[in-house]
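Peer 1: What follows is a structure written as structure tokens; I'll ask about it next.
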Amino acid sequence: MCAEPLALLTGVHFMDGNSAVCEGAIAAGCRFAAGYPITPSTEIMERFASRVPRLGGICIQMEDECASIMACIGAVWGGAKAFTATSGPGFSLMMESIGYAAMTETPLVVVNVQRAGPSTGLPTMPAQADMLQARWGSHGDYRVIALCPNSPQECFDLAIKAFNLAETWRVPVLIMMDEVVAHMSERVVIPTLSEIAVVQRRYTQVRPGEYQPYRPAARGVPEMAPVGKGFFMHVTGLTHDAKGYPAMDPETQDALVRRFTAKIDSNADDIIVYEEEEIADAEVVVVAYGITSRAAAAAVEEARALGIPAGLLRLVTAWPFPEKKVRELSGRVKALIMVELNLGQMFLEMDRCAKGGAQSIFLGHAGGSIHRPEAILMAIQKAAQL
Amino acid sequence: MNSHPSDSYLRTDRLPHLWCPGCGIGATMNSFVEAVKLSGISRKSLAVVSGIGCSGRVAGYLKADSFHTTHGRAIPFATGLALANPGLRVAVYSGEGDLVAIGGNHLLHAARRNVNIMVVCINNFTYGMTGGQLAPTTPIGSITATTPYGSTEMPCNLVNLAASAGAVFVARWTVFHVRQLACTMAEALVRRGFSFIEVLSPCPTLHLQRNNLGHGETEMRYFKEYSRVANNTSPVEAGLDRRDRKIIVGTFVKRERAVFFDSPDSVTLVRKKKVKA
């Protein structure tokens with residue numbers, strides 16, 4: 001018996017995705033969460049509320065999603081690693097503050113367990129229809145990183161990665177789950193402490209009088225300073241100069257926003273993760289992410305058994321999008337098939353990157369159920385005959 | 001340029017400020033600086049959080065760790081900041097439109113939870129930054145940019161709102177009462193729990209001019225002549241109505257109750273669970 005529960009539940013578990021993403025956050029050193037109940041993500045906050053008080057952490061239920069994400073941003077500036085979890089309607093309410101986190105370069109993690117929309121939609125059923133909202137939802141130009149786990153194990157692994165990416169690049173990192181990944185239970189292996197790489201908050205070595213909170217440092221990312229230590233930093237959602245002071249001119253605006261985009265765009269190769277199956281000699285490549293990638297993998301396997309040269313490109317990172325990879329594939333395969341639970345969102349990005357090389361084909365529906373492998377197989381067979 | 005005793009508490013490299021001549025926000029900021037000195041709290045431990053609007057610019061002029069957040073969300077930001085870093089003294093400084101209209105829900109719940117933050121709410125009866133629109137405190141009949149035929153809405157009694165939601169320290173002053181305001185702010189700075197200070201301030205450019213109420217100085221004379229100090233007045237009785245020619249000022253609520261996440265009860269609950277585990 002262990003009276004003091006451990007932060008890291010090293011061992012083999014049978015766990016759902018919502019529990020696993022919560023355990024991943026804890027493993028990454030997150031000890032603060034603020035959230036608002038919403039199906040199908042609620043269990044994440046519930047588990048965190050039960051786990052972290054005994055680890056010296058805080059989990060609070062706020063009055064709405066606007067408050068939840070802003071309390072997390074406040075906690076990050078207070079020195080904590082923080083995250084919130086929500087679903088479609090709550091994600092919509094959080095958009096303003098995702099922009100604030102982008103503008104203030106707050107290392108923040110947001111989990112969105114996608115359900116079918118728009119509006120209240122199908123609260124208990126899956127979709128992948130918030131993918132463009134994740135990328136473009138807040139006003140203005142900015143960048144986020146979005147990750148798409150396809151299993152409870154990956155919910156755990158990518159939660160740690162999300163916090164590491166947030167600390168490294170100082171952007172909002174979105175974990176774009178779906179209802180099925182959230183609620184399916186599978187084997188989840190939680191490694192030992194020494195096997196988990198955690199990026200801790202790095203604070204500036206510059207002395208308070210000389211410190212400038214938004215002076216670009218290595219790879220375009222400014223250094224943070226600890227609050228309460230005499231740095232007297234100013235943080236604002238207004239366009240600001242290196243001192244963090246409001247600067248209302250087009251030159252500062254352009255330089256600032258170009259830096260937000262450049263720090264992700266020019267480091268995209270280091271950020272993007274994808275998996276390839278049977279790609280080398282493939283003529284038809286299925287592109288998928290999240291739960292859909294599992295049906296796609298089954299379909300590709302069946303196609304191979306039928307002698308069709310099919311392959312799978314699985315997006316782990318949806319944003320930034322693996323533009324180079326898709327362009328390269330487009331130059332050598334017959335067709336790219338995007339399979340997703342929406343009416344064509346990441347398809348638009350794939351089609352843009354394919355630039356008329358391979359045929360780009362869309363296979364999707366508006367959510368509520370996941371794809372059957374047979375439907376994907378039929379699309380592969382049809383594409384192979386092009 | 002000659003220096004001012006408050007200079008070391010201000011970002012002097014950002015002056016002059018953007019407030020109009022006759023606006024009272026700068027005067028309240030001076031009282032706040034006096035309050036910080038009076039309170040004896042360490043400069044380093046002070047964090048100021050503002051929302052959006054004229055009063056939301058205060059954070060940008062104070063030499064402290066300062067956060068200029070989004071419209072209405074200063075209180076939830078401050079909640080996270082104070083909980084994550086209990087060594088900080090977190091003050092929210094914003095206007096009535098920000099804190100009570102778009103941020104009203106957060107005000108209610110932070111007061112109810114008794115979050116350990118101090119809130120200074122500058123009430124100038126209008127939305128100044130956007131051009132003088134209807135605010136939750138705009139007096140009935142007032143001409144604003146969005147009520148060109150006069151407002152028909154009942155204005156909100158802010159001190160009653162904060163008190164009934166559970167704030168443990170509630171006060172009101174006007175910008176005429178700079179010394180009393182400084183003392184009250186100092187008291188709030190050293191108290192624990194959710195404190196709320198309303199400060200009436202003139203908006204000469206928009207609210208006063210549009211309603212033929214004169215200019216900044218006229219309003220200061222109005223504050224001087226018609227304010228009545230009445231500590232411990234029930235906040236319900238402290239509504240503002242220009243037709244009454246009466247502004248009740250002072251400290252209305254002083255009480256103690258468990259502070260959010262200080263509560264011995266919540267600690268006990270966790271301990272009990274630990275034993276079970």
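Identifiers in the structure tokens: chain A, B, ... in order shown; residue index from 1 per chain; ligand index from 1 in order shown.
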Name the residues of range 19-211 of chain B that come out as strand (DSSP E or B) in a backbone DSSP run; write them as a PyMOL selection string.

Peer 2: chain B and resi 46-50+62+65-68+89-95+118-123+127+133+144+147+169-174+195-200

Peer 1: Those same residues - N, CA, C and O atoms - I'd like them written as a short mmCIF file (atom, residue, chain, number, x, y, z; two decimals), in the first residue's frame.

Peer 2:
```cif
data_model
loop_
_atom_site.label_atom_id
_atom_site.label_comp_id
_atom_site.auth_asym_id
_atom_site.auth_seq_id
_atom_site.Cartn_x
_atom_site.Cartn_y
_atom_site.Cartn_z
N LEU B 46 4.56 42.63 -5.74
CA LEU B 46 3.33 43.20 -6.27
C LEU B 46 3.14 42.86 -7.75
O LEU B 46 4.05 43.03 -8.55
N ALA B 47 1.98 42.35 -8.09
CA ALA B 47 1.64 42.12 -9.50
C ALA B 47 0.32 42.82 -9.78
O ALA B 47 -0.63 42.71 -9.00
N VAL B 48 0.28 43.58 -10.88
CA VAL B 48 -0.92 44.32 -11.23
C VAL B 48 -1.49 43.75 -12.53
O VAL B 48 -0.76 43.57 -13.51
N VAL B 49 -2.78 43.47 -12.51
CA VAL B 49 -3.45 42.88 -13.67
C VAL B 49 -4.58 43.80 -14.11
O VAL B 49 -5.40 44.20 -13.28
N SER B 50 -4.61 44.14 -15.38
CA SER B 50 -5.68 44.99 -15.90
C SER B 50 -6.41 44.30 -17.04
O SER B 50 -5.87 43.39 -17.67
N LEU B 62 2.50 51.24 -14.21
CA LEU B 62 3.05 50.94 -12.89
C LEU B 62 4.28 50.07 -13.03
O LEU B 62 4.29 49.08 -13.78
N ASP B 65 5.50 43.91 -11.76
CA ASP B 65 5.16 42.91 -12.77
C ASP B 65 3.72 43.20 -13.16
O ASP B 65 2.83 43.20 -12.30
N SER B 66 3.49 43.50 -14.42
CA SER B 66 2.17 43.99 -14.79
C SER B 66 1.65 43.28 -16.04
O SER B 66 2.40 43.01 -16.97
N PHE B 67 0.36 42.99 -16.00
CA PHE B 67 -0.25 42.18 -17.05
C PHE B 67 -1.50 42.89 -17.58
O PHE B 67 -2.43 43.16 -16.83
N HIS B 68 -1.47 43.19 -18.85
CA HIS B 68 -2.59 43.84 -19.53
C HIS B 68 -3.27 42.72 -20.31
O HIS B 68 -2.73 42.24 -21.29
N ARG B 89 1.40 39.56 -4.25
CA ARG B 89 0.19 40.30 -3.88
C ARG B 89 -0.41 40.79 -5.18
O ARG B 89 0.17 41.65 -5.85
N VAL B 90 -1.54 40.22 -5.56
CA VAL B 90 -2.09 40.49 -6.87
C VAL B 90 -3.22 41.52 -6.77
O VAL B 90 -4.19 41.32 -6.03
N ALA B 91 -3.07 42.61 -7.52
CA ALA B 91 -4.11 43.64 -7.58
C ALA B 91 -4.66 43.71 -9.00
O ALA B 91 -3.90 43.76 -9.96
N VAL B 92 -5.98 43.69 -9.09
CA VAL B 92 -6.64 43.88 -10.40
C VAL B 92 -7.09 45.33 -10.47
O VAL B 92 -7.68 45.84 -9.52
N TYR B 93 -6.77 45.98 -11.55
CA TYR B 93 -7.06 47.40 -11.70
C TYR B 93 -7.73 47.57 -13.05
O TYR B 93 -7.11 47.39 -14.09
N SER B 94 -9.03 47.89 -13.05
CA SER B 94 -9.71 48.01 -14.33
C SER B 94 -10.97 48.85 -14.19
O SER B 94 -11.26 49.36 -13.10
N GLY B 95 -11.72 48.95 -15.25
CA GLY B 95 -12.91 49.79 -15.23
C GLY B 95 -14.19 49.00 -15.04
O GLY B 95 -14.19 47.77 -15.04
N MET B 118 -7.04 41.75 -4.78
CA MET B 118 -7.64 43.04 -4.50
C MET B 118 -8.08 43.64 -5.84
O MET B 118 -7.32 43.64 -6.79
N VAL B 119 -9.32 44.12 -5.89
CA VAL B 119 -9.84 44.67 -7.14
C VAL B 119 -10.12 46.16 -6.98
O VAL B 119 -10.86 46.56 -6.08
N VAL B 120 -9.50 46.96 -7.83
CA VAL B 120 -9.82 48.39 -7.89
C VAL B 120 -10.64 48.60 -9.15
O VAL B 120 -10.18 48.29 -10.25
N CYS B 121 -11.87 49.08 -8.98
CA CYS B 121 -12.77 49.27 -10.12
C CYS B 121 -13.02 50.76 -10.31
O CYS B 121 -13.68 51.40 -9.49
N ILE B 122 -12.46 51.29 -11.38
CA ILE B 122 -12.68 52.70 -11.69
C ILE B 122 -14.02 52.83 -12.39
O ILE B 122 -14.23 52.25 -13.45
N ASN B 123 -14.93 53.57 -11.76
CA ASN B 123 -16.26 53.75 -12.33
C ASN B 123 -16.38 55.16 -12.89
O ASN B 123 -16.50 56.11 -12.13
N TYR B 127 -18.06 53.89 -21.34
CA TYR B 127 -16.93 53.25 -22.01
C TYR B 127 -16.11 54.37 -22.65
O TYR B 127 -16.53 54.95 -23.66
N GLN B 133 -19.75 54.86 -24.83
CA GLN B 133 -20.99 54.07 -24.94
C GLN B 133 -21.57 53.76 -23.56
O GLN B 133 -20.96 54.04 -22.54
N THR B 144 -25.52 58.62 -24.25
CA THR B 144 -24.24 57.98 -24.57
C THR B 144 -24.23 57.74 -26.08
O THR B 144 -25.26 57.94 -26.74
N THR B 147 -26.86 55.26 -26.64
CA THR B 147 -28.22 55.61 -26.16
C THR B 147 -28.43 57.09 -26.46
O THR B 147 -28.50 57.91 -25.54
N PHE B 169 -14.13 42.61 1.75
CA PHE B 169 -13.80 44.01 2.01
C PHE B 169 -14.35 44.81 0.84
O PHE B 169 -13.98 44.56 -0.31
N VAL B 170 -15.26 45.74 1.13
CA VAL B 170 -15.89 46.52 0.06
C VAL B 170 -15.90 47.99 0.45
O VAL B 170 -16.33 48.34 1.56
N ALA B 171 -15.41 48.83 -0.44
CA ALA B 171 -15.35 50.27 -0.16
C ALA B 171 -15.62 51.07 -1.41
O ALA B 171 -15.56 50.53 -2.53
N ARG B 172 -15.95 52.35 -1.21
CA ARG B 172 -16.10 53.27 -2.35
C ARG B 172 -15.54 54.64 -1.97
O ARG B 172 -15.76 55.13 -0.87
N TRP B 173 -14.79 55.21 -2.89
CA TRP B 173 -14.36 56.60 -2.78
C TRP B 173 -14.52 57.25 -4.13
O TRP B 173 -14.88 56.58 -5.11
N THR B 174 -14.26 58.56 -4.17
CA THR B 174 -14.21 59.24 -5.46
C THR B 174 -12.77 59.73 -5.64
O THR B 174 -11.98 59.71 -4.69
N SER B 195 -11.05 41.64 -2.03
CA SER B 195 -11.49 42.99 -1.68
C SER B 195 -11.86 43.76 -2.94
O SER B 195 -11.31 43.51 -4.02
N PHE B 196 -12.81 44.67 -2.79
CA PHE B 196 -13.34 45.40 -3.94
C PHE B 196 -13.46 46.88 -3.57
O PHE B 196 -14.13 47.23 -2.60
N ILE B 197 -12.76 47.71 -4.33
CA ILE B 197 -12.82 49.15 -4.09
C ILE B 197 -13.33 49.84 -5.35
O ILE B 197 -12.69 49.76 -6.40
N GLU B 198 -14.47 50.49 -5.24
CA GLU B 198 -15.00 51.26 -6.36
C GLU B 198 -14.51 52.70 -6.24
O GLU B 198 -14.54 53.27 -5.14
N VAL B 199 -14.03 53.25 -7.33
CA VAL B 199 -13.58 54.65 -7.31
C VAL B 199 -14.33 55.40 -8.40
O VAL B 199 -14.22 55.07 -9.58
N LEU B 200 -15.12 56.41 -7.99
CA LEU B 200 -15.84 57.22 -8.97
C LEU B 200 -14.86 58.22 -9.58
O LEU B 200 -14.09 58.87 -8.86
#
```

Peer 1: Distance table requested - chain A against chain B, cut-off 9 Å, only C-alpha atoms: one row per qualifying residue with the closest atom pair and its distance in Å to one decimal, ordered by chain and rising residue number, as a Markdown table.

Peer 2:
```
| residue | atom | partner | partner_atom | distance |
| --- | --- | --- | --- | --- |
| A:Met1 | CA | B:Ala277 | CA | 7.9 |
| A:Cys2 | CA | B:Ala277 | CA | 7.3 |
| A:Ala3 | CA | B:Ala277 | CA | 5.7 |
| A:Glu4 | CA | B:Lys274 | CA | 7.0 |
| A:Pro5 | CA | B:Ala277 | CA | 8.1 |
| A:Arg31 | CA | B:Ala84 | CA | 8.9 |
| A:Phe32 | CA | B:Ala84 | CA | 7.4 |
| A:Ala34 | CA | B:Gly80 | CA | 8.3 |
| A:Pro53 | CA | B:Val270 | CA | 7.2 |
| A:Arg54 | CA | B:Val270 | CA | 7.1 |
| A:Gly57 | CA | B:Ala84 | CA | 8.7 |
| A:Ile58 | CA | B:Leu83 | CA | 7.9 |
| A:Met62 | CA | B:His109 | CA | 8.2 |
| A:Glu63 | CA | B:His109 | CA | 6.8 |
| A:Asp64 | CA | B:His106 | CA | 8.7 |
| A:Cys66 | CA | B:Arg73 | CA | 7.5 |
| A:Ala67 | CA | B:Pro76 | CA | 5.1 |
| A:Ser68 | CA | B:Pro76 | CA | 7.3 |
| A:Ile69 | CA | B:Pro76 | CA | 8.4 |
| A:Met70 | CA | B:Phe77 | CA | 4.9 |
| A:Ala71 | CA | B:Gly80 | CA | 4.1 |
| A:Cys72 | CA | B:Gly80 | CA | 5.8 |
| A:Ile73 | CA | B:Phe77 | CA | 6.4 |
| A:Gly74 | CA | B:Phe77 | CA | 4.3 |
| A:Ala75 | CA | B:Gly80 | CA | 4.2 |
| A:Val76 | CA | B:Leu81 | CA | 7.4 |
| A:Trp77 | CA | B:Leu81 | CA | 6.5 |
| A:Gly78 | CA | B:Leu81 | CA | 4.7 |
| A:Gly79 | CA | B:Ala84 | CA | 6.6 |
| A:Ala80 | CA | B:Ala84 | CA | 6.0 |
| A:Glu96 | CA | B:Thr70 | CA | 8.1 |
| A:Ser97 | CA | B:Thr70 | CA | 7.5 |
| A:Tyr100 | CA | B:Thr70 | CA | 7.2 |
| A:Val227 | CA | B:Asp65 | CA | 6.5 |
| A:Gly228 | CA | B:Ser45 | CA | 4.8 |
| A:Lys229 | CA | B:Lys44 | CA | 5.7 |
| A:Gly230 | CA | B:Lys44 | CA | 4.8 |
| A:Phe231 | CA | B:Asp65 | CA | 7.0 |
| A:Phe232 | CA | B:Asp65 | CA | 4.2 |
| A:Met233 | CA | B:Asp65 | CA | 4.9 |
| A:His234 | CA | B:Ser66 | CA | 4.9 |
| A:Val235 | CA | B:Phe67 | CA | 4.8 |
| A:Thr236 | CA | B:His68 | CA | 4.5 |
| A:Gly237 | CA | B:Thr69 | CA | 6.1 |
| A:Leu238 | CA | B:His68 | CA | 8.2 |
| A:Tyr245 | CA | B:Gly60 | CA | 7.5 |
| A:Pro246 | CA | B:Gly60 | CA | 8.4 |
```

Peer 1: Mind writing the picked residues with N, CA and C atoms as a compact mmCIF listing (two decimals), in the first residue's frame?

Peer 2:
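Dumped to again_12.txt:
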```
# COMPACT_ATOMS: atom_id res chain seq x y z
N MET A 1 0.84 -1.20 0.00
CA MET A 1 0.00 0.00 0.00
C MET A 1 0.87 1.25 0.00
N CYS A 2 0.44 2.21 -0.76
CA CYS A 2 1.21 3.43 -0.85
C CYS A 2 0.35 4.59 -0.37
N ALA A 3 0.68 5.16 0.77
CA ALA A 3 -0.14 6.22 1.34
C ALA A 3 -0.01 7.50 0.52
N GLU A 4 1.16 7.74 0.00
CA GLU A 4 1.39 8.96 -0.78
C GLU A 4 1.39 8.59 -2.27
N PRO A 5 0.34 8.90 -2.97
CA PRO A 5 0.29 8.49 -4.37
C PRO A 5 1.42 9.14 -5.17
N ARG A 31 1.01 21.06 -12.76
CA ARG A 31 0.36 20.98 -11.45
C ARG A 31 -0.75 22.01 -11.32
N PHE A 32 -1.20 22.54 -12.44
CA PHE A 32 -2.31 23.50 -12.38
C PHE A 32 -3.25 23.27 -13.55
N ALA A 34 -7.38 24.53 -14.82
CA ALA A 34 -8.66 25.19 -14.56
C ALA A 34 -9.55 24.79 -15.72
N PRO A 53 -4.19 17.50 -6.03
CA PRO A 53 -4.10 18.08 -4.68
C PRO A 53 -3.11 17.31 -3.79
N ARG A 54 -2.98 16.02 -4.04
CA ARG A 54 -2.06 15.21 -3.23
C ARG A 54 -0.63 15.31 -3.73
N GLY A 57 -0.56 20.20 -6.12
CA GLY A 57 -1.06 21.00 -7.25
C GLY A 57 -2.45 21.53 -7.00
N ILE A 58 -2.97 22.23 -8.00
CA ILE A 58 -4.27 22.87 -7.89
C ILE A 58 -5.09 22.55 -9.13
N MET A 62 -13.79 26.55 -13.01
CA MET A 62 -14.12 27.96 -13.16
C MET A 62 -15.58 28.11 -13.59
N GLU A 63 -16.00 29.37 -13.75
CA GLU A 63 -17.40 29.67 -14.08
C GLU A 63 -17.72 29.47 -15.55
N ASP A 64 -16.70 29.44 -16.41
CA ASP A 64 -16.90 29.19 -17.83
C ASP A 64 -15.53 28.93 -18.47
N CYS A 66 -14.07 30.77 -20.77
CA CYS A 66 -13.28 32.01 -20.90
C CYS A 66 -12.39 32.15 -19.67
N ALA A 67 -12.98 31.92 -18.50
CA ALA A 67 -12.23 32.04 -17.25
C ALA A 67 -11.22 30.91 -17.10
N SER A 68 -11.60 29.71 -17.53
CA SER A 68 -10.71 28.55 -17.35
C SER A 68 -9.38 28.77 -18.05
N ILE A 69 -9.43 29.14 -19.31
CA ILE A 69 -8.17 29.28 -20.05
C ILE A 69 -7.39 30.48 -19.54
N MET A 70 -8.08 31.53 -19.13
CA MET A 70 -7.36 32.71 -18.65
C MET A 70 -6.71 32.44 -17.30
N ALA A 71 -7.36 31.65 -16.45
CA ALA A 71 -6.74 31.27 -15.17
C ALA A 71 -5.48 30.46 -15.44
N CYS A 72 -5.52 29.61 -16.46
CA CYS A 72 -4.32 28.83 -16.82
C CYS A 72 -3.20 29.75 -17.30
N ILE A 73 -3.55 30.74 -18.11
CA ILE A 73 -2.52 31.66 -18.61
C ILE A 73 -1.92 32.45 -17.43
N GLY A 74 -2.77 32.87 -16.51
CA GLY A 74 -2.28 33.55 -15.30
C GLY A 74 -1.35 32.65 -14.50
N ALA A 75 -1.73 31.38 -14.37
CA ALA A 75 -0.91 30.43 -13.61
C ALA A 75 0.44 30.21 -14.28
N VAL A 76 0.45 30.18 -15.61
CA VAL A 76 1.72 30.01 -16.32
C VAL A 76 2.66 31.18 -16.00
N TRP A 77 2.10 32.40 -16.04
CA TRP A 77 2.94 33.56 -15.71
C TRP A 77 3.34 33.56 -14.24
N GLY A 78 2.53 32.89 -13.42
CA GLY A 78 2.88 32.74 -12.01
C GLY A 78 3.98 31.71 -11.80
N GLY A 79 4.33 30.96 -12.83
CA GLY A 79 5.45 30.02 -12.73
C GLY A 79 5.06 28.56 -12.90
N ALA A 80 3.76 28.29 -13.05
CA ALA A 80 3.31 26.90 -13.15
C ALA A 80 3.28 26.43 -14.60
N GLU A 96 -10.51 33.48 -28.02
CA GLU A 96 -9.95 34.81 -27.76
C GLU A 96 -8.65 34.69 -26.95
N SER A 97 -8.68 33.82 -25.97
CA SER A 97 -7.50 33.70 -25.09
C SER A 97 -6.39 32.88 -25.73
N TYR A 100 -4.57 35.50 -27.18
CA TYR A 100 -3.81 36.23 -26.15
C TYR A 100 -2.54 35.45 -25.78
N VAL A 227 8.17 35.81 -12.31
CA VAL A 227 7.40 36.90 -11.70
C VAL A 227 7.82 37.04 -10.24
N GLY A 228 7.70 38.24 -9.71
CA GLY A 228 7.97 38.45 -8.28
C GLY A 228 9.44 38.55 -7.92
N LYS A 229 10.31 38.71 -8.92
CA LYS A 229 11.75 38.75 -8.64
C LYS A 229 12.37 40.08 -9.04
N GLY A 230 11.54 41.09 -9.22
CA GLY A 230 12.08 42.42 -9.50
C GLY A 230 12.38 42.69 -10.96
N PHE A 231 11.87 41.85 -11.85
CA PHE A 231 12.08 42.13 -13.29
C PHE A 231 11.12 43.22 -13.78
N PHE A 232 10.02 43.42 -13.05
CA PHE A 232 9.01 44.41 -13.42
C PHE A 232 8.66 44.32 -14.91
N MET A 233 8.31 43.13 -15.31
CA MET A 233 7.99 42.91 -16.72
C MET A 233 6.58 43.42 -17.03
N HIS A 234 6.39 43.81 -18.27
CA HIS A 234 5.05 44.16 -18.71
C HIS A 234 4.64 43.22 -19.84
N VAL A 235 3.45 42.65 -19.68
CA VAL A 235 2.92 41.70 -20.66
C VAL A 235 1.60 42.26 -21.16
N THR A 236 1.44 42.36 -22.45
CA THR A 236 0.19 42.92 -22.99
C THR A 236 -0.25 42.20 -24.26
N GLY A 237 -1.54 42.19 -24.48
CA GLY A 237 -2.09 41.67 -25.73
C GLY A 237 -2.04 42.69 -26.85
N LEU A 238 -1.66 43.93 -26.52
CA LEU A 238 -1.45 44.93 -27.56
C LEU A 238 -0.16 44.61 -28.31
N TYR A 245 6.34 46.93 -24.20
CA TYR A 245 5.49 48.12 -24.16
C TYR A 245 4.65 48.21 -25.43
N PRO A 246 3.40 48.72 -25.29
CA PRO A 246 2.57 48.91 -26.47
C PRO A 246 3.27 49.80 -27.50
```

Peer 1: In Å, how far is it from CA of Val180 in chain A to CA of Glu46 in chain A?

Peer 2: 18.2 Å

Peer 1: One decimal, Å: what's the distance from CA of Gly140 in chain A over to CA of Thr104 in chain A, could you say?

Peer 2: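 Between these atoms lies a distance of 13.4 Å.
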
Peer 1: Grab the CA of Pro40 in chain A to CA of Ser87 in chain A distance for me, in Å with one decimal place.

Peer 2: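 Here the two named atoms are 6.7 Å from each other.
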
Peer 1: Give me, as a list in words, all polymer residues having an atom no more than 6 Å from range 233-245 of chain B, counting only C-alpha atoms and skipping those fewer than 4 positions away in the same chain.

Peer 2: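 Counting only the stated atoms, we get Asn157, Val159, Asn160, Tyr226 and Phe252 of chain B.
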
Peer 1: Restricted to all heavy atoms, what would the selected residues look like written as a PDB file, in the first residue's frame?

Peer 2:
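So the final result, stored in out-v3.pdb, reads:
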```pdb
ATOM      1  N   ASN B 157     -25.460  48.846  -8.878  1.00  0.00           N
ATOM      2  CA  ASN B 157     -24.807  49.300  -7.644  1.00  0.00           C
ATOM      3  C   ASN B 157     -23.624  48.359  -7.400  1.00  0.00           C
ATOM      4  O   ASN B 157     -23.784  47.239  -6.911  1.00  0.00           O
ATOM      5  CB  ASN B 157     -25.835  49.246  -6.505  1.00  0.00           C
ATOM      6  CG  ASN B 157     -25.218  49.570  -5.155  1.00  0.00           C
ATOM      7  OD1 ASN B 157     -24.000  49.687  -5.014  1.00  0.00           O
ATOM      8  ND2 ASN B 157     -26.079  49.712  -4.158  1.00  0.00           N
ATOM      9  N   VAL B 159     -20.984  48.256  -5.371  1.00  0.00           N
ATOM     10  CA  VAL B 159     -20.589  47.793  -4.030  1.00  0.00           C
ATOM     11  C   VAL B 159     -21.564  46.741  -3.507  1.00  0.00           C
ATOM     12  O   VAL B 159     -21.167  45.785  -2.836  1.00  0.00           O
ATOM     13  CB  VAL B 159     -20.435  48.969  -3.031  1.00  0.00           C
ATOM     14  CG1 VAL B 159     -19.200  49.788  -3.372  1.00  0.00           C
ATOM     15  CG2 VAL B 159     -21.676  49.856  -2.988  1.00  0.00           C
ATOM     16  N   ASN B 160     -22.837  46.908  -3.864  1.00  0.00           N
ATOM     17  CA  ASN B 160     -23.826  45.910  -3.436  1.00  0.00           C
ATOM     18  C   ASN B 160     -23.599  44.586  -4.161  1.00  0.00           C
ATOM     19  O   ASN B 160     -23.697  43.509  -3.569  1.00  0.00           O
ATOM     20  CB  ASN B 160     -25.231  46.440  -3.706  1.00  0.00           C
ATOM     21  CG  ASN B 160     -26.290  45.542  -3.105  1.00  0.00           C
ATOM     22  OD1 ASN B 160     -26.120  45.042  -1.998  1.00  0.00           O
ATOM     23  ND2 ASN B 160     -27.356  45.303  -3.842  1.00  0.00           N
ATOM     24  N   TYR B 226     -21.145  66.597  -2.604  1.00  0.00           N
ATOM     25  CA  TYR B 226     -22.241  65.658  -2.351  1.00  0.00           C
ATOM     26  C   TYR B 226     -21.821  64.307  -1.762  1.00  0.00           C
ATOM     27  O   TYR B 226     -22.664  63.481  -1.472  1.00  0.00           O
ATOM     28  CB  TYR B 226     -23.056  65.446  -3.633  1.00  0.00           C
ATOM     29  CG  TYR B 226     -23.728  66.715  -4.080  1.00  0.00           C
ATOM     30  CD1 TYR B 226     -23.286  67.404  -5.197  1.00  0.00           C
ATOM     31  CD2 TYR B 226     -24.787  67.243  -3.338  1.00  0.00           C
ATOM     32  CE1 TYR B 226     -23.881  68.585  -5.589  1.00  0.00           C
ATOM     33  CE2 TYR B 226     -25.399  68.426  -3.723  1.00  0.00           C
ATOM     34  CZ  TYR B 226     -24.942  69.105  -4.852  1.00  0.00           C
ATOM     35  OH  TYR B 226     -25.540  70.266  -5.232  1.00  0.00           O
ATOM     36  N   PHE B 252     -17.695  49.794   3.459  1.00  0.00           N
ATOM     37  CA  PHE B 252     -19.022  49.257   3.762  1.00  0.00           C
ATOM     38  C   PHE B 252     -18.971  47.850   4.347  1.00  0.00           C
ATOM     39  O   PHE B 252     -19.835  47.470   5.114  1.00  0.00           O
ATOM     40  CB  PHE B 252     -19.885  49.247   2.498  1.00  0.00           C
ATOM     41  CG  PHE B 252     -19.946  50.586   1.810  1.00  0.00           C
ATOM     42  CD1 PHE B 252     -19.770  50.708   0.443  1.00  0.00           C
ATOM     43  CD2 PHE B 252     -20.180  51.738   2.551  1.00  0.00           C
ATOM     44  CE1 PHE B 252     -19.837  51.948  -0.185  1.00  0.00           C
ATOM     45  CE2 PHE B 252     -20.234  52.991   1.934  1.00  0.00           C
ATOM     46  CZ  PHE B 252     -20.058  53.093   0.560  1.00  0.00           C
TER      47      PHE B 252
END
```

Peer 1: Quick one: residues within 12 Å of Ala182 in chain A, only C-alpha atoms, excluding same-chain residues fewer than 6 positions away - as a ChimeraX atom specification?

Peer 2: /A:15-22,39-44,85-87,111-115,124-127,148-156,175-176,290-291

Peer 1: Could you check the closest approach to Tyr203 in chain A for each of A:Gly364, A:Gly220, A:Pro226, A:Gly90 and tell me which residue wins, using only C-alpha atoms?

Peer 2: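 Of all the options, A:Pro226 lies closest to Tyr203 in chain A.
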
Peer 1: Give me the residues near Ser39 in chain B as JSON, numbers by chain, where near means some atom within 10 Å (using only C-alpha atoms) and where sequence neighbours in that chain fewer than 2 positions away do not count.

Peer 2: {"B": [33, 34, 35, 36, 37, 41, 42, 182, 183, 185, 186, 187, 188, 189, 190, 191]}

Peer 1: Which residues are near Gly166 in chain B? Cut-off 6 Å, only C-alpha atoms, ignore same chain within fewer than 3 positions. Put them as a PyMOL selection string.

Peer 2: chain B and resi 111-112+163

Peer 1: Please save N, CA and C atoms of the selected residues as a compact mmCIF listing (two decimals), in the first residue's frame.

Peer 2:
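Output file again-v9.txt follows:
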```txt
# COMPACT_ATOMS: atom_id res chain seq x y z
N ALA B 111 -15.45 36.71 -6.12
CA ALA B 111 -15.90 37.19 -4.81
C ALA B 111 -16.47 36.04 -3.99
N ARG B 112 -17.26 35.21 -4.65
CA ARG B 112 -17.87 34.05 -3.97
C ARG B 112 -16.80 33.11 -3.44
N ALA B 163 -20.51 42.96 -2.61
CA ALA B 163 -20.78 42.50 -1.24
C ALA B 163 -21.69 41.29 -1.24
```
